[in-house]
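A short worksheet on the structure shown next.
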Amino acid sequence: MITIVSGLPRSGTSLMMQMLVAGGMMPLSDGERTADADNPRGYLEWERIKQLPTDPGRIAEAEGKVVKVISRLLLSLPADHEYRVIFMPRPLPEVLASQDQMLRRRGTYKEGANPAAMAAAFEKHLREVYAWLDGKPYVKAIRVRYHEGAGAPRRCQPENCRVPGSFAER
């Protein structure tokens, strides 16, 4: 079984990876992308995951671990594994604003970008990803909204510890 954290860029995937690692899961990460102003606690990424479309067998290295996979690459996951996917939806205006801020800070922002066109492309992509997640018997997915993960911690009592939509309920 492979645990995957996924979402659009700037949707909280690094935060979720950090929480899972703090909870005792072993990450598949290479440390190539180090912490910076946009992600001060680091990214916990595995650079070789980008080869998934041309080398799908590579995902076997994540067996028993948690790995971050950008949403675009989910569609390349081979059917010969069982996956648990934590997908991190975040409101598109926030994703776009965070991405713009990051690109400006890095000096790679392109003036004249059309936020409406970018939002429409992300919406189309999300529909495709959600259909894929819901349509694969070897994939069990939950969605954890960015603000649920990034919000103030709440005390877990026995009657409210179960997370709606958790893997156990599927």
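By order of appearance in the structure tokens: chains A, B, ..., then residues from 1 within every chain, and ligands from 1 in the order shown.
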Report as a tab-separated table the residues of region 108-142 of chain A within 12 Å of region 92-99 of chain A, each with its shortest atom pair and distance in Å (one decimal), using only C-alpha atoms, ordered by chain and increasing residue number.
```
residue	atom	partner	partner_atom	distance
A:Thr108	CA	A:Gln99	CA	10.7
A:Tyr109	CA	A:Gln99	CA	9.1
A:Lys110	CA	A:Gln99	CA	11.6
A:Ala113	CA	A:Leu96	CA	10.8
A:Asn114	CA	A:Leu96	CA	10.5
A:Pro115	CA	A:Leu96	CA	7.3
A:Ala116	CA	A:Pro93	CA	9.6
A:Ala117	CA	A:Leu96	CA	11.1
A:Met118	CA	A:Leu96	CA	8.0
A:Ala119	CA	A:Leu92	CA	6.4
A:Ala120	CA	A:Leu92	CA	9.5
A:Ala121	CA	A:Leu92	CA	10.6
A:Phe122	CA	A:Leu92	CA	7.8
A:Glu123	CA	A:Leu92	CA	8.2
A:Lys124	CA	A:Leu92	CA	11.9
A:His125	CA	A:Leu92	CA	11.9
A:Leu126	CA	A:Leu92	CA	10.5
```
Hey, can you spit out that residue selection with all heavy atoms as a compact mmCIF listing (two decimals), in the first residue's frame?
```txt
# COMPACT_ATOMS: atom_id res chain seq x y z
N THR A 108 9.79 35.27 -11.09
CA THR A 108 9.42 34.54 -12.31
C THR A 108 7.96 34.79 -12.70
O THR A 108 7.44 34.11 -13.57
CB THR A 108 9.63 33.02 -12.11
OG1 THR A 108 8.87 32.59 -10.98
CG2 THR A 108 11.11 32.69 -11.90
N TYR A 109 7.33 35.77 -12.08
CA TYR A 109 5.94 36.10 -12.40
C TYR A 109 5.87 36.70 -13.80
O TYR A 109 6.69 37.52 -14.17
CB TYR A 109 5.38 37.08 -11.37
CG TYR A 109 3.94 37.47 -11.63
CD1 TYR A 109 2.91 36.62 -11.25
CD2 TYR A 109 3.63 38.66 -12.27
CE1 TYR A 109 1.59 36.97 -11.49
CE2 TYR A 109 2.30 39.02 -12.51
CZ TYR A 109 1.29 38.16 -12.13
OH TYR A 109 -0.01 38.49 -12.37
N LYS A 110 4.87 36.27 -14.58
CA LYS A 110 4.70 36.80 -15.94
C LYS A 110 3.52 37.76 -15.93
O LYS A 110 2.38 37.36 -15.69
CB LYS A 110 4.46 35.65 -16.92
CG LYS A 110 5.68 34.78 -17.08
CD LYS A 110 5.45 33.73 -18.15
CE LYS A 110 6.74 32.98 -18.35
NZ LYS A 110 6.69 31.60 -18.07
N ALA A 113 -0.73 37.62 -17.09
CA ALA A 113 -1.36 36.31 -16.93
C ALA A 113 -2.85 36.50 -16.66
O ALA A 113 -3.25 37.41 -15.95
CB ALA A 113 -0.69 35.56 -15.78
N ASN A 114 -3.66 35.64 -17.22
CA ASN A 114 -5.10 35.74 -17.10
C ASN A 114 -5.58 34.82 -15.97
O ASN A 114 -5.68 33.61 -16.16
CB ASN A 114 -5.76 35.37 -18.42
CG ASN A 114 -7.25 35.51 -18.39
OD1 ASN A 114 -7.87 35.61 -17.34
ND2 ASN A 114 -7.85 35.51 -19.58
N PRO A 115 -5.90 35.39 -14.78
CA PRO A 115 -6.31 34.55 -13.67
C PRO A 115 -7.60 33.76 -13.96
O PRO A 115 -7.75 32.64 -13.49
CB PRO A 115 -6.52 35.51 -12.50
CG PRO A 115 -6.25 36.88 -13.00
CD PRO A 115 -5.83 36.79 -14.43
N ALA A 116 -8.50 34.32 -14.74
CA ALA A 116 -9.75 33.61 -15.07
C ALA A 116 -9.45 32.37 -15.91
O ALA A 116 -10.04 31.30 -15.70
CB ALA A 116 -10.71 34.53 -15.79
N ALA A 117 -8.54 32.50 -16.86
CA ALA A 117 -8.16 31.35 -17.69
C ALA A 117 -7.46 30.29 -16.86
O ALA A 117 -7.70 29.08 -17.03
CB ALA A 117 -7.28 31.81 -18.85
N MET A 118 -6.59 30.73 -15.95
CA MET A 118 -5.89 29.79 -15.08
C MET A 118 -6.89 29.07 -14.17
O MET A 118 -6.82 27.84 -14.01
CB MET A 118 -4.84 30.51 -14.24
CG MET A 118 -4.05 29.59 -13.34
SD MET A 118 -3.00 28.44 -14.22
CE MET A 118 -1.63 29.48 -14.56
N ALA A 119 -7.83 29.80 -13.60
CA ALA A 119 -8.84 29.18 -12.74
C ALA A 119 -9.68 28.17 -13.52
O ALA A 119 -9.97 27.08 -13.03
CB ALA A 119 -9.73 30.26 -12.13
N ALA A 120 -10.06 28.51 -14.75
CA ALA A 120 -10.85 27.60 -15.58
C ALA A 120 -10.05 26.33 -15.89
O ALA A 120 -10.60 25.21 -15.85
CB ALA A 120 -11.28 28.29 -16.87
N ALA A 121 -8.76 26.48 -16.16
CA ALA A 121 -7.92 25.31 -16.44
C ALA A 121 -7.80 24.43 -15.20
O ALA A 121 -7.89 23.19 -15.29
CB ALA A 121 -6.54 25.76 -16.92
N PHE A 122 -7.61 25.05 -14.03
CA PHE A 122 -7.53 24.28 -12.78
C PHE A 122 -8.85 23.57 -12.50
O PHE A 122 -8.87 22.41 -12.08
CB PHE A 122 -7.16 25.18 -11.61
CG PHE A 122 -5.68 25.42 -11.45
CD1 PHE A 122 -5.24 26.55 -10.78
CD2 PHE A 122 -4.73 24.53 -11.93
CE1 PHE A 122 -3.88 26.79 -10.60
CE2 PHE A 122 -3.37 24.75 -11.76
CZ PHE A 122 -2.95 25.88 -11.09
N GLU A 123 -10.00 24.25 -12.73
CA GLU A 123 -11.30 23.63 -12.49
C GLU A 123 -11.50 22.41 -13.39
O GLU A 123 -11.96 21.37 -12.93
CB GLU A 123 -12.42 24.64 -12.73
CG GLU A 123 -12.53 25.67 -11.62
CD GLU A 123 -13.50 26.80 -11.94
OE1 GLU A 123 -14.07 26.82 -13.05
OE2 GLU A 123 -13.68 27.66 -11.07
N LYS A 124 -11.13 22.53 -14.65
CA LYS A 124 -11.24 21.40 -15.58
C LYS A 124 -10.34 20.26 -15.12
O LYS A 124 -10.75 19.09 -15.11
CB LYS A 124 -10.85 21.86 -16.99
CG LYS A 124 -10.92 20.76 -18.02
CD LYS A 124 -10.49 21.24 -19.38
CE LYS A 124 -10.54 20.06 -20.35
NZ LYS A 124 -9.75 20.26 -21.53
N HIS A 125 -9.13 20.59 -14.74
CA HIS A 125 -8.18 19.58 -14.27
C HIS A 125 -8.72 18.88 -13.02
O HIS A 125 -8.66 17.65 -12.93
CB HIS A 125 -6.83 20.24 -13.98
CG HIS A 125 -5.87 19.35 -13.26
ND1 HIS A 125 -5.30 18.24 -13.86
CD2 HIS A 125 -5.40 19.39 -12.00
CE1 HIS A 125 -4.51 17.64 -12.97
NE2 HIS A 125 -4.55 18.32 -11.85
N LEU A 126 -9.28 19.64 -12.08
CA LEU A 126 -9.81 19.04 -10.85
C LEU A 126 -10.97 18.09 -11.16
O LEU A 126 -11.06 17.02 -10.54
CB LEU A 126 -10.24 20.12 -9.86
CG LEU A 126 -9.11 20.85 -9.16
CD1 LEU A 126 -9.65 22.02 -8.34
CD2 LEU A 126 -8.30 19.89 -8.28
```
Please build the interface table for region 64-112 of chain A against region 9-29 of chain A with a cut-off of 8 Å, listing for each qualifying residue the nearest atom pair and the distance in Å to one decimal; count only C-alpha atoms, order rows by chain and increasing number, and write it as JSON lines.
```
{"residue": "A:Gly64", "atom": "CA", "partner": "A:Met26", "partner_atom": "CA", "distance": 7.8}
{"residue": "A:Lys65", "atom": "CA", "partner": "A:Met26", "partner_atom": "CA", "distance": 5.1}
{"residue": "A:Val66", "atom": "CA", "partner": "A:Pro27", "partner_atom": "CA", "distance": 4.8}
{"residue": "A:Val67", "atom": "CA", "partner": "A:Leu28", "partner_atom": "CA", "distance": 5.2}
{"residue": "A:Lys68", "atom": "CA", "partner": "A:Thr13", "partner_atom": "CA", "distance": 7.1}
{"residue": "A:Ile70", "atom": "CA", "partner": "A:Pro9", "partner_atom": "CA", "distance": 7.4}
{"residue": "A:Met88", "atom": "CA", "partner": "A:Ser11", "partner_atom": "CA", "distance": 5.9}
{"residue": "A:Pro89", "atom": "CA", "partner": "A:Ser11", "partner_atom": "CA", "distance": 6.3}
{"residue": "A:Arg90", "atom": "CA", "partner": "A:Ser11", "partner_atom": "CA", "distance": 5.4}
{"residue": "A:Val95", "atom": "CA", "partner": "A:Arg10", "partner_atom": "CA", "distance": 5.6}
{"residue": "A:Ser98", "atom": "CA", "partner": "A:Arg10", "partner_atom": "CA", "distance": 6.3}
{"residue": "A:Gln99", "atom": "CA", "partner": "A:Arg10", "partner_atom": "CA", "distance": 6.3}
```
Which residues are close to Arg84 (chain A), i.e. within 7 Å by only C-alpha atoms, leaving aside same-chain residues fewer than 5 positions away? Reply as a ChimeraX atom specification.
/A:2-4,139-141
As an exercise, work out the distance from CA of Pro137 (chain A) to CA of Leu75 (chain A) in Å and give it to one decimal place.
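Here the two named atoms are 13.7 Å from each other.
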